Structures are given as structure tokens and as C-alpha cells.
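Colleague: JSON, C-alpha atoms, saved as entry-v6.json, coming up:
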```json
[["chain", "number", "residue", "atom", "x", "y", "z"],
["A", 1344, "MET", "CA", -81.77, 57.75, 27.44],
["A", 1345, "THR", "CA", -84.73, 59.16, 25.57],
["A", 1346, "GLU", "CA", -87.26, 56.71, 24.15],
["A", 1347, "THR", "CA", -88.08, 57.13, 20.48],
["A", 1348, "ARG", "CA", -90.79, 55.62, 18.32],
["A", 1349, "ASN", "CA", -88.12, 53.67, 16.43],
["A", 1350, "ASP", "CA", -86.93, 52.13, 19.70],
["A", 1351, "LEU", "CA", -90.48, 51.14, 20.50],
["A", 1352, "THR", "CA", -91.39, 49.60, 17.14],
["A", 1353, "ARG", "CA", -88.34, 47.31, 16.94],
["A", 1354, "GLU", "CA", -87.67, 48.42, 13.35],
["A", 1355, "LEU", "CA", -91.16, 47.42, 12.19],
["A", 1356, "THR", "CA", -92.94, 49.99, 10.07],
["A", 1357, "GLN", "CA", -96.31, 51.32, 11.10],
["A", 1358, "THR", "CA", -97.76, 49.67, 8.00],
["A", 1359, "GLU", "CA", -96.33, 46.30, 9.02],
["A", 1360, "ILE", "CA", -97.71, 46.68, 12.53],
["A", 1361, "ALA", "CA", -101.11, 47.69, 11.15],
["A", 1362, "LYS", "CA", -101.24, 44.63, 8.88],
["A", 1363, "MET", "CA", -100.28, 42.33, 11.76],
["A", 1364, "MET", "CA", -103.05, 43.84, 13.89],
["A", 1365, "GLY", "CA", -105.73, 44.10, 11.21],
["A", 1366, "VAL", "CA", -106.06, 47.88, 11.54],
["A", 1367, "LYS", "CA", -105.18, 50.83, 9.32],
["A", 1368, "GLN", "CA", -101.79, 52.54, 9.45],
["A", 1369, "PRO", "CA", -103.14, 55.94, 10.59],
["A", 1370, "GLN", "CA", -104.55, 54.24, 13.69],
["A", 1371, "VAL", "CA", -101.10, 52.90, 14.58],
["A", 1372, "SER", "CA", -99.61, 56.33, 13.89],
["A", 1373, "ASN", "CA", -102.09, 57.93, 16.31],
["A", 1374, "TRP", "CA", -101.15, 55.45, 19.03],
["A", 1375, "LEU", "CA", -97.41, 55.83, 18.54],
["A", 1376, "SER", "CA", -97.61, 59.62, 18.49],
["A", 1377, "GLY", "CA", -99.66, 59.73, 21.68],
["A", 1378, "LYS", "CA", -102.70, 61.25, 19.98],
["A", 1379, "ARG", "CA", -104.83, 58.26, 20.97],
["A", 1380, "ILE", "CA", -104.58, 55.32, 23.33],
["A", 1381, "PRO", "CA", -105.43, 51.87, 21.92],
["A", 1382, "ASN", "CA", -108.44, 50.06, 23.36],
["A", 1383, "ALA", "CA", -107.78, 47.02, 25.57],
["A", 1384, "GLU", "CA", -107.88, 44.49, 22.73],
["A", 1385, "ASN", "CA", -105.52, 46.51, 20.53],
["A", 1386, "LEU", "CA", -103.25, 47.31, 23.46],
["A", 1387, "ILE", "CA", -102.75, 43.60, 24.05],
["A", 1388, "LYS", "CA", -102.15, 42.92, 20.34],
["A", 1389, "LEU", "CA", -99.71, 45.81, 20.05],
["A", 1390, "SER", "CA", -97.84, 44.88, 23.20],
["A", 1391, "THR", "CA", -97.50, 41.30, 21.96],
["A", 1392, "ILE", "CA", -96.10, 42.46, 18.62],
["A", 1393, "LEU", "CA", -93.66, 44.82, 20.34],
["A", 1394, "GLU", "CA", -92.74, 42.17, 22.92],
["A", 1395, "LEU", "CA", -93.75, 44.33, 25.88],
["A", 1396, "TYR", "CA", -96.12, 43.93, 28.80],
["A", 1397, "PRO", "CA", -99.23, 46.10, 28.28],
["A", 1398, "GLU", "CA", -98.27, 48.22, 31.31],
["A", 1399, "GLU", "CA", -94.80, 48.83, 29.83],
["A", 1400, "LEU", "CA", -96.31, 49.85, 26.52],
["A", 1401, "LEU", "CA", -98.69, 52.32, 28.17],
["A", 1402, "GLU", "CA", -95.76, 53.88, 30.05],
["A", 1403, "LYS", "CA", -93.71, 54.19, 26.86],
["A", 1404, "LEU", "CA", -96.63, 55.68, 24.94],
["A", 1405, "GLN", "CA", -97.07, 58.23, 27.72],
["A", 1406, "VAL", "CA", -93.38, 59.19, 27.49],
["A", 1407, "LEU", "CA", -93.68, 59.62, 23.72],
["A", 1408, "ARG", "CA", -96.79, 61.75, 24.21],
["A", 1409, "LEU", "CA", -94.95, 64.03, 26.62],
["A", 1410, "GLN", "CA", -92.03, 64.39, 24.18],
["A", 1411, "ALA", "CA", -94.32, 65.47, 21.34]]
```
Written as C-alpha cells, that's how I'd like the structure from this file.

Modeller:
Amino acid sequence: MTETRNDLTRELTQTEIAKMMGVKQPQVSNWLSGKRIPNAENLIKLSTILELYPEELLEKLQVLRLQA
């Protein structure tokens, strides 16, 4: 099955994720589109919000990047 951004975000909006993390929405968009990789601190925050291990999140972001 193909991973999608909606699968990854657990029905949270990018704006909601950004507010939870204390960053701006475009930053979250860049991460979830594969344009940028979050730094270590933000990777941990994002993985916690999405209920994933950081390694899992990096793998999923790589898959999304390849699909783009």
C-alpha cells in the first residue's frame, strides 16, 4: 500500500502540527513534502506527535519524497 501524507499525519492538519511544535506551517509542509528534513529536535517532536519512532518517520518521509 502506498503511504500518503494523510496517512502519516493521523488526520491532523499541518497548521495543528505546527502549533503543537511551535513552528510555522510552511516548515511542516516542507518536511511532509520531502523538500526538507527536520533537524534532530524537530524530528523528535514530530515523531512524538505522529506516534512514530524517529527512524520510522525518516523512512516514511523518504518514501513521500520519492513519490513526489

Colleague: Check the smallest atom-to-atom distance from each of A:Ile1360, A:Ser1376, A:Glu1354, A:Leu1409 to A:Ser1390 using only C-alpha atoms, then report the winner.

Modeller: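 Under the stated criterion, the closest residue is A:Ile1360.
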
Colleague: For atom CA of A:Gly1377 and atom CA of A:Leu1393, quote the distance in Å rounded to one decimal.

Modeller: 16.1 Å

Colleague: Give me the residues within 12 Å of A:Met1363 as a ChimeraX atom specification, counting only C-alpha atoms and dropping any in the same chain fewer than 6 places off.

Modeller: /A:1355-1357,1371,1385,1388-1393

Colleague: Kindly indicate which residue among A:Leu1404, A:Pro1397, A:Arg1353, A:Gln1410 lies nearest to A:Asn1373, using all atoms listed in the file for the distances.

Modeller: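 Closest to A:Asn1373 of all the choices is A:Leu1404.
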
Colleague: Which distance in Å separates atom CA of A:Val1366 and atom CA of A:Glu1399, to one decimal?

Modeller: 21.5 Å

Colleague: Provide the atom CA of A:Gln1405 to atom CA of A:Arg1379 distance in Å, to one decimal place.

Modeller: 10.3 Å

Colleague: Rank A:Leu1395, A:Thr1352, A:Glu1384, A:Lys1378 by their smallest atom-to-atom distance to A:Met1364, using only C-alpha atoms, and report the top residue only.

Modeller: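 Smallest distance to A:Met1364 is found for A:Glu1384.
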
Colleague: Considering all atoms listed in the file, can you say which of A:Arg1408, A:Gln1368, A:Ala1361, A:Leu1401 comes closest to A:Ala1383?

Modeller: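 Of A:Arg1408, A:Gln1368, A:Ala1361, A:Leu1401, the one nearest A:Ala1383 is A:Leu1401, counting all atoms listed in the file.
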